[in-house]
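Okay, structure first, notes after.
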Amino acid sequence: MSHQNSPLILGTERIGKLLKRYAVPAIIAMTASSLYNIADSIFIGHGVGALAIAGLAITFPLMNLAAAFGSLVGVGASTLVAVKLGQREYEGANNALGNVLTLNITIGILFTCICLLFLNPILYFFGAGENTLSYAHDYMEIILIGNVVTHTYLGLNAVLRSSGHPRMAMYATLASVVINCVLNPIFIFGFGWGIKGSAWATVISQVISLAWQILHFTDPKQLLHFKKGIYRLRAEFVKSMLSIGLSPFLMNLCSCLIVLLINLGLKKYGGDMAIGAYGIVNRVVFLFVMIVMGLNQGMQPIAGYNFGARRFDRVIKVTKLTIYWAVGVSLFGFLVCHLLPSYIIRMFTTDAELIRVATDGLHIVFVVFPVVGFQMVATNFFLSIGMSKQAIFLSLTRQLLFLIPCLITLPYFFGIWGVWSSLPLSDLLASILTAFMLARQFRKFAFSHTLLSEPNK
């Protein structure tokens with residue numbers, strides 16, 4: 001393994017150069033993935049219809065629930081591997097790899113079986129109606145069949161980044177996206193499969209990327225690779241991964257509840273078209289959120305490694321730099337969506353009513369968007385160094401303390417406007433609380449760094 005790809009450089013290389021090396025591939029991969037989701041909605045909107053977009057939006061809560069279980073293992077494993085490598089515990093990092101595979105397969109199969117058994121009642125609960133149920137059911141049935149592949153693919157990609165292979169993680173995602181975008185129009189328009197074609201394109205593309213990841217980890221020359229004895233679940237690794245992954249798990253679980261409340265509120269005050277409008281706005285928001293998530297993925301192994309090596313000054317430095325970049329991304333999103341809203345929405349649909357409702361929603365949702373980049377990175381900071389309780393608190397505070405009460409109360413007084421405005425209001429309140437906690441933790445790190453430096457003076 002070359003020095004260039006060695007995880008040991010996480011403790012020695014210049015922070016700015018490291019963050020570019022790790023974040024840029026992740027950003028490219030996450031942006032490509034988000035662009036696929038946008039293209040997916042565009043193909044469905046123009047190839048199937050406006051109601052199909054609403055049907056797709058109905059599946060978002062269930063997709064968030066699936067993502068919750070995927071992140072429970074993947075994010076926890078990524079942080080654990082980075083910390084173990086920082087502590088030079090290479091055998092422990094290998095055991096984490098084996099446990100990731102076993103846990104993802106087990107959870108993926110259980111989730112698929114339960115959801116397929118109760119799929120229609122679940123979709124009705126999430127806001128499906130007579131006009132949208134068939135679209136939501138056709139799409140989600142196929143996605144659930146490939147759920148175990150999705151979980152395993154995302155889990156191994158997280159380990160790839162943490163083990164010094166951010167470019168390979170990017171290539172795996174890009175391969176999935178490119179294959180997906182090629183198959184989508186073929187299946188939807190060429191074969192006439194409609195919304196089912198989009199779902200099959202997603203599953204097949206992830207199967208191919210997963211096969212490539214497995215090929216990499218079967219190479220014994222890699223620092224982390226598949227071998228005998230690492231697949232048996234070990235209590236200490238499972239507990240550590242799940243405790244770290246609990247924050248994004250709960251965050252995605254809350255996202256499931258939130259999208260449910262949004263869908264129900266929009267259906268009550270705006271009908272199926274309002275749900276479709278949210279489906280479009282959510283795709284646009286997700287584009288910029290995924291870029292920030294790419295920055296977070298680049299930051300995570302750097303912060304985790306240096307925290308394990310007790311280089312607190314480098315942990316602070318990489319966090320601040322990531323915040324600067326993330327705020328720049330979210331500010332750009334704010335400007336684009338306020339200057340060109342109707343152009344963005346027209347990419348998805350030609351339906352005049354859907355364009356009007358989605359444009360109004362886009363304006364409101366992006367009103368305080370620049371603070372979102374800061375809030376996401378600051379929460380990820382606690383996650384990256386294994387401080388899962390703080391990360392969970394911040395995640396749940398934004399969702400439970402601010403957003404859910406807004407979604408319950410504001411629509412009662414302001415109708416559909418109250419549903420849309422709940423999102424920026426909760427982002428603003430959560431960012432204020434997050435800033436306070438981050439500043440307090442930075443002061444603790446600065447004090448610890450001073451104490452560690454004293455013996456060298």
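Identifiers for the structure tokens are assigned positionally: chains receive A, B, ... in sequence, residues are indexed from 1 per chain, and ligands are indexed from 1 in the order shown.
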From the DSSP assignment of the backbone, select every residue of region 3-235 of chain A that is alpha helix (DSSP H), and format the answer as a PyMOL selection string.
chain A and resi 15-47+50-58+60-86+90-117+119-125+133-145+147-162+166-185+195-217+235
All residues 6 Å or closer to region 94-102 of chain A, only C-alpha atoms, same chain fewer than 6 positions away omitted, as a ChimeraX atom specification:
/A:224,230-231,233
Output file for the selection above: C-alpha atoms, as a compact mmCIF listing (two decimals), in the first residue's frame:
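Dumped everything to again34.txt:
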```txt
# COMPACT_ATOMS: atom_id res chain seq x y z
CA LEU A 224 -8.48 -4.03 5.56
CA ILE A 230 -13.96 -11.40 11.24
CA TYR A 231 -17.61 -12.09 10.38
CA LEU A 233 -20.60 -10.57 15.53
```
Give one line per residue of region 280-323 of chain A that approaches region 424-448 of chain A to at most 10 Å, naming the two atoms of the closest pair and their distance in Å to one decimal, counting only C-alpha atoms; sort by chain then ascending residue number and deliver it as a Markdown table.
```
| residue | atom | partner | partner_atom | distance |
| --- | --- | --- | --- | --- |
| A:Phe307 | CA | A:Phe445 | CA | 9.9 |
| A:Arg310 | CA | A:Ser448 | CA | 9.0 |
| A:Arg311 | CA | A:Phe445 | CA | 9.3 |
| A:Phe312 | CA | A:Phe445 | CA | 5.7 |
| A:Asp313 | CA | A:Ala446 | CA | 7.0 |
| A:Val315 | CA | A:Phe445 | CA | 8.6 |
| A:Ile316 | CA | A:Phe442 | CA | 6.7 |
| A:Thr319 | CA | A:Phe442 | CA | 9.9 |
```
Please write the residues from the selection above to a file, keeping C-alpha atoms, as an mmCIF file, in the first residue's frame.
```
data_model
loop_
_atom_site.group_PDB
_atom_site.id
_atom_site.type_symbol
_atom_site.label_atom_id
_atom_site.label_comp_id
_atom_site.auth_asym_id
_atom_site.auth_seq_id
_atom_site.Cartn_x
_atom_site.Cartn_y
_atom_site.Cartn_z
ATOM 1 C CA PHE A 307 -9.157 12.393 17.896
ATOM 2 C CA ARG A 310 -5.214 12.973 20.624
ATOM 3 C CA ARG A 311 -4.337 15.681 18.085
ATOM 4 C CA PHE A 312 -7.151 17.989 19.171
ATOM 5 C CA ASP A 313 -5.715 21.007 17.349
ATOM 6 C CA VAL A 315 -9.652 18.091 14.949
ATOM 7 C CA ILE A 316 -10.620 21.751 15.509
ATOM 8 C CA THR A 319 -13.992 21.096 11.600
#
```
Straight-line distance linking CA of Ala136 (chain A) with CA of Tyr124 (chain A), stated in Å to one decimal:
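About the pair CA of Ala136 (chain A) and CA of Tyr124 (chain A): they are 9.7 Å apart.
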For Asn252 (chain A), which of A:Ser384, A:Thr12, A:Gln399, A:Thr152 is the closest residue, counting only C-alpha atoms?
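The shortest atom-to-atom distance to Asn252 (chain A) comes from A:Gln399.
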